[in-house]
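Taking it in order: structure first as structure tokens, then the write-up.
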Amino acid sequence: MTSVWIGALAVVALVLAALPALLTLANLRVFRPAPTPVSGGASARVSVLVPARNEEAAIGRLCHDVLASEGVELELVILDDDSHDATAAIVSRFAAEDSRVRLVRGGDLPPGWCGKQHACWQLAAAARHDILVFLDVDVSPTPDAIARIVAFLDASGAALGSGFPRQATACLLDWLLLPLIHFILLGYLPIARSRQDRSPGLAAGCGQLFVTRRTDYERAGGHAAIRASLHDGVKLPRAYRRAGLSTDIFDASDIATCRMYARSIDVWRGLAKNATEGVGSPATIAPFTILLAGGAILPVVLVAVGVATGFHAWPAWAPAVASIATLLAFAPRLVEAARFRQSMASVVLHPLAIGVFLAIQWTALVRRSLGLKTSWRGRALEAQ
């Protein structure tokens, strides 16, 4: 490889590593936790809506957590989406002991609907209060979480708010990959601009936690507007913005924890099932491959090759540039690990995490192009 090519690659690596590093620093100033509610005001009336399918292992814990909420008047509505385990029986026991709990039996899944979107649509119709909080069963909220989520909706003025919980890990792949949720969000979305510009392309959200008001939900079309989607975290905020409504996001890592997966194979399948509606879509996978691999993998490879060859034939300035690029590649992950209580050890394997993540995206895209199907929670899905 000629010195010209080596120098060019070093510069490219520096630019692509600097982009997420600088944007992350800017975003951390505006990606803030939900505020504390103003004391002395009337308690908000909130419907906490939870879709559940075969969730007997987690549904009891979810009920305990939500019913311990403080500072709000709430109902907990859980939709049993054709579970084949004890999910409904567990919820029924809670409902018998606490009038705030209601069990809704889900209807048959209509053609063209994703199971979760249909469940959430039915939950919204069953809700008795104006403020709707959609929670995944995997989320563990703190006692003040619901009140602060509502306070964020009020303070932000957004029609739809979404919080990003702390991601608890239980296996190798979620330990390796789930920190990338914050890395990609903060490294490639200009949050301040997204709050000023309502373009759907700048929308973001986390499907684990949404808050909205019924009037805004109905104006946006609710989950019916994204009925076929497997990725409500991206698609629901875009539906709101297409309806002329604002959306916003916040750091929920201090008020909610989410444990999505128990096995590495579930991590792969979970990230793959909605990949082609996000980073792995046909329109975005090539640019994101360049951005992610060029900013996280290329700098490390260049330095490794340089050390192995004694930097032979390198321009005199190139080793310093490649080294700075490598430091910048790891910098966002170091800051995020401290801020969001992630594993510091996983930061060291950041380039590997990016490589595995991109492999999942490309695999999902190939499966989609071949028309292959996969399954999730016992339901067949189109390859995503």
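For the structure tokens, the naming scheme is as follows: chains receive sequential letters (A, B, ...) according to their order of presentation, residues are indexed from 1 within each chain, and ligands are indexed from 1 in presentation order.
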
Fewer than 5 positions away in the same chain doesn't count, so skip those; otherwise give me all residues within 12 Å of Ser3 of chain A, counting only C-alpha atoms, as a compact mmCIF listing (two decimals) with N, CA and C atoms, in the first residue's frame.
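Listed below is the output, around18.txt:
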```txt
# COMPACT_ATOMS: atom_id res chain seq x y z
N ALA A 8 -4.34 8.86 3.10
CA ALA A 8 -5.75 9.13 2.84
C ALA A 8 -6.64 8.37 3.81
N LEU A 9 -6.30 7.10 4.04
CA LEU A 9 -7.10 6.30 4.98
C LEU A 9 -7.02 6.84 6.39
N ALA A 10 -5.87 7.33 6.79
CA ALA A 10 -5.72 7.90 8.13
C ALA A 10 -6.60 9.14 8.29
N GLY A 306 0.10 -0.57 11.29
CA GLY A 306 1.28 0.27 11.41
C GLY A 306 2.28 -0.26 12.43
N PHE A 311 5.38 0.95 10.83
CA PHE A 311 4.94 2.15 10.11
C PHE A 311 5.79 2.37 8.86
N HIS A 312 6.24 1.28 8.25
CA HIS A 312 7.03 1.37 7.03
C HIS A 312 6.19 1.98 5.91
N ALA A 313 6.76 2.91 5.20
CA ALA A 313 6.14 3.60 4.06
C ALA A 313 5.00 4.51 4.47
N TRP A 314 4.86 4.79 5.75
CA TRP A 314 3.83 5.72 6.19
C TRP A 314 4.36 7.16 6.07
N PRO A 315 3.52 8.11 5.69
CA PRO A 315 3.92 9.51 5.79
C PRO A 315 4.24 9.83 7.26
N ALA A 316 5.13 10.76 7.48
CA ALA A 316 5.59 11.04 8.84
C ALA A 316 4.46 11.46 9.78
N TRP A 317 3.46 12.10 9.22
CA TRP A 317 2.37 12.60 10.05
C TRP A 317 1.25 11.57 10.27
N ALA A 318 1.21 10.52 9.45
CA ALA A 318 0.08 9.59 9.46
C ALA A 318 -0.06 8.80 10.76
N PRO A 319 1.03 8.33 11.41
CA PRO A 319 0.84 7.60 12.67
C PRO A 319 0.12 8.42 13.74
```

Which of segment 91-244 of chain A counts as strand (DSSP E or B) under DSSP, as a PyMOL selection string please? chain A and resi 101-105+131-135+139-141+160-167+209-213

Students should find that atom CA of Gly106 of chain A and atom CA of Val91 of chain A are spaced 13.7 Å

Could you pull the residues within 12 Å of segment 342-345 of chain A, counting only C-alpha atoms, minus those fewer than 2 positions along the same chain, as a PyMOL selection string? chain A and resi 165-170+172+174-183+253+257+330-340+347-350

Selection above as a file: N, CA and C atoms, as a CSV table (one decimal), in the first residue's frame:
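So out_17.csv came out as:
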```csv
chain,number,residue,atom,x,y,z
A,165,PRO,N,-34.3,3.8,28.5
A,165,PRO,CA,-33.9,3.2,29.8
A,165,PRO,C,-32.5,2.7,29.8
A,166,ARG,N,-32.0,2.5,31.0
A,166,ARG,CA,-30.7,1.8,31.2
A,166,ARG,C,-30.9,0.3,30.7
A,167,GLN,N,-30.0,-0.2,29.9
A,167,GLN,CA,-30.1,-1.5,29.4
A,167,GLN,C,-29.3,-2.5,30.2
A,168,ALA,N,-30.0,-3.3,31.0
A,168,ALA,CA,-29.3,-4.3,31.8
A,168,ALA,C,-28.9,-5.5,30.9
A,169,THR,N,-27.8,-6.1,31.2
A,169,THR,CA,-27.4,-7.2,30.4
A,169,THR,C,-27.2,-8.5,31.1
A,170,ALA,N,-27.5,-9.6,30.4
A,170,ALA,CA,-27.4,-10.9,31.0
A,170,ALA,C,-26.6,-12.0,30.3
A,172,LEU,N,-23.6,-12.6,26.7
A,172,LEU,CA,-22.4,-12.0,26.0
A,172,LEU,C,-22.8,-10.9,25.0
A,174,ASP,N,-25.7,-9.2,24.5
A,174,ASP,CA,-26.3,-7.9,24.9
A,174,ASP,C,-25.3,-7.1,25.7
A,175,TRP,N,-24.3,-7.7,26.4
A,175,TRP,CA,-23.2,-6.9,27.0
A,175,TRP,C,-22.4,-6.2,26.0
A,176,LEU,N,-22.2,-6.9,24.8
A,176,LEU,CA,-21.4,-6.3,23.8
A,176,LEU,C,-22.1,-5.3,23.0
A,177,LEU,N,-23.4,-5.6,22.6
A,177,LEU,CA,-24.1,-4.8,21.6
A,177,LEU,C,-25.1,-3.7,22.1
A,178,LEU,N,-25.7,-3.9,23.3
A,178,LEU,CA,-26.8,-3.0,23.7
A,178,LEU,C,-26.2,-1.6,24.0
A,179,PRO,N,-25.0,-1.4,24.4
A,179,PRO,CA,-24.5,-0.1,24.6
A,179,PRO,C,-24.5,0.7,23.3
A,180,LEU,N,-24.6,0.0,22.2
A,180,LEU,CA,-24.6,0.8,20.9
A,180,LEU,C,-25.9,1.5,20.7
A,181,ILE,N,-26.9,1.2,21.5
A,181,ILE,CA,-28.1,2.0,21.4
A,181,ILE,C,-27.8,3.5,21.6
A,182,HIS,N,-27.1,3.8,22.7
A,182,HIS,CA,-26.8,5.1,23.1
A,182,HIS,C,-25.7,5.7,22.1
A,183,PHE,N,-24.8,4.8,21.7
A,183,PHE,CA,-23.7,5.3,20.9
A,183,PHE,C,-24.2,5.8,19.5
A,253,SER,N,-32.4,6.6,32.0
A,253,SER,CA,-31.6,5.6,32.6
A,253,SER,C,-31.6,5.7,34.1
A,257,THR,N,-35.1,0.6,34.0
A,257,THR,CA,-34.1,-0.3,33.6
A,257,THR,C,-34.8,-1.4,32.7
A,330,PHE,N,-12.9,5.5,20.5
A,330,PHE,CA,-13.3,5.0,21.8
A,330,PHE,C,-13.9,6.1,22.8
A,331,ALA,N,-13.6,7.3,22.5
A,331,ALA,CA,-14.0,8.4,23.4
A,331,ALA,C,-15.5,8.4,23.7
A,332,PRO,N,-16.4,8.3,22.7
A,332,PRO,CA,-17.8,8.4,23.1
A,332,PRO,C,-18.3,7.2,23.9
A,333,ARG,N,-17.7,6.0,23.7
A,333,ARG,CA,-18.1,4.9,24.5
A,333,ARG,C,-17.7,5.0,25.9
A,334,LEU,N,-16.5,5.6,26.1
A,334,LEU,CA,-16.0,5.8,27.5
A,334,LEU,C,-16.9,6.8,28.3
A,335,VAL,N,-17.3,7.9,27.6
A,335,VAL,CA,-18.2,8.9,28.2
A,335,VAL,C,-19.5,8.3,28.5
A,336,GLU,N,-20.1,7.5,27.6
A,336,GLU,CA,-21.4,6.9,27.7
A,336,GLU,C,-21.4,5.8,28.8
A,337,ALA,N,-20.3,5.1,28.9
A,337,ALA,CA,-20.2,4.1,29.9
A,337,ALA,C,-20.3,4.7,31.3
A,338,ALA,N,-19.7,5.8,31.5
A,338,ALA,CA,-19.7,6.5,32.8
A,338,ALA,C,-21.1,7.1,33.0
A,339,ARG,N,-21.7,7.7,32.0
A,339,ARG,CA,-22.9,8.5,32.1
A,339,ARG,C,-24.1,7.5,32.4
A,340,PHE,N,-24.1,6.4,31.6
A,340,PHE,CA,-25.3,5.5,31.6
A,340,PHE,C,-25.1,4.2,32.4
A,347,VAL,N,-16.3,-1.4,26.5
A,347,VAL,CA,-15.7,-0.3,25.7
A,347,VAL,C,-14.5,-0.8,24.9
A,348,VAL,N,-13.7,-1.6,25.5
A,348,VAL,CA,-12.5,-2.1,24.9
A,348,VAL,C,-12.8,-2.9,23.6
A,349,LEU,N,-14.0,-3.5,23.6
A,349,LEU,CA,-14.3,-4.3,22.4
A,349,LEU,C,-15.3,-3.6,21.5
A,350,HIS,N,-15.3,-2.3,21.5
A,350,HIS,CA,-16.1,-1.4,20.7
A,350,HIS,C,-16.0,-1.8,19.2
```

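The shell of residues at most 9 Å from Leu25 of chain A, with only C-alpha atoms counted and near chain neighbours (fewer than 4 positions) removed, consists of Pro20, Ala21, Arg29, Leu186, Gly187, Pro332 and Val335 of chain A.
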
Would you export the selected residues with C-alpha atoms as a compact mmCIF listing (two decimals), in the first residue's frame, please?
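For reference, out-v1.txt as written:
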```txt
# COMPACT_ATOMS: atom_id res chain seq x y z
CA PRO A 20 -19.68 10.82 16.53
CA ALA A 21 -17.21 11.97 19.17
CA ARG A 29 -25.74 18.58 27.00
CA LEU A 186 -25.98 10.28 20.43
CA GLY A 187 -23.28 9.92 17.79
CA PRO A 332 -17.84 8.38 23.06
CA VAL A 335 -18.17 8.87 28.24
```

How far is it from atom CA of Ser83 of chain A to atom CA of Leu372 of chain A, in Å with one decimal? 25.1 Å

Among the residues A:Cys114, A:Ile249, A:Ala151, A:Leu236, the one that comes closest to Lys273 of chain A [using only C-alpha atoms]: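 Once distances to Lys273 of chain A are computed over only C-alpha atoms, the minimum belongs to A:Cys114.
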
Once DSSP has gone over the backbone, tell me which residues of segment 121-341 of chain A are in alpha helix (DSSP H), as an MDAnalysis selection string. chainID A and resid 121:126 145:156 172:177 180:188 191:196 214:220 232:242 264:273 285:296 298:309 318:339

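Distances to Ala293 of chain A were evaluated for A:Leu79, A:Ile354, A:Ala26, A:Ala127 using only C-alpha atoms, and the minimum falls at A:Ile354.
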
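With distances restricted to only C-alpha atoms, A:Ala275 is the closest residue to Ser229 of chain A from A:Ile265, A:Ala275, A:Leu370, A:Leu365.
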
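Residues in contact with segment 115-125 of chain A at up to 7 Å, not including ones fewer than 6 positions away on its chain and judged by only C-alpha atoms, are A:Leu49, A:Pro51, A:Leu79, A:Asp81, A:Gly106, A:Leu109, A:Gly222, A:His223, A:Ala224, A:Arg227.
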
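Nearest to Pro190 of chain A of all the residues A:Ala203, A:Ala325, A:Val301, A:Gly310 is A:Ala203, counting only C-alpha atoms.
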
Residue among A:Gly161, A:Pro111, A:Pro141, A:Pro287 lying closest to Tyr240 of chain A, counting only C-alpha atoms: A:Gly161

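For the choices A:Ala329, A:Ile131, A:Leu185, A:Ala262, the atom-to-atom distance to Val48 of chain A is smallest for A:Ile131 when using only C-alpha atoms.
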
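Going from atom CA of Ser162 of chain A to atom CA of Leu23 of chain A covers 20.2 Å.
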
What lies within 12 Å of Leu74 of chain A using only C-alpha atoms, ignoring chain neighbours under 5 positions off, as a PyMOL selection string? chain A and resi 43-49+66-69+98-102+127-133+146-147+150

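Omitting Asp65 of chain A and its sequence neighbours fewer than 3 positions away, and counting only C-alpha atoms, the residues within 10 Å are A:Ile59, A:Gly60, A:Arg61, A:Leu62, A:Ala68, A:Ser69, A:Val139, A:Ser140, A:Pro141, A:Thr142, A:Pro143, A:Ala145.
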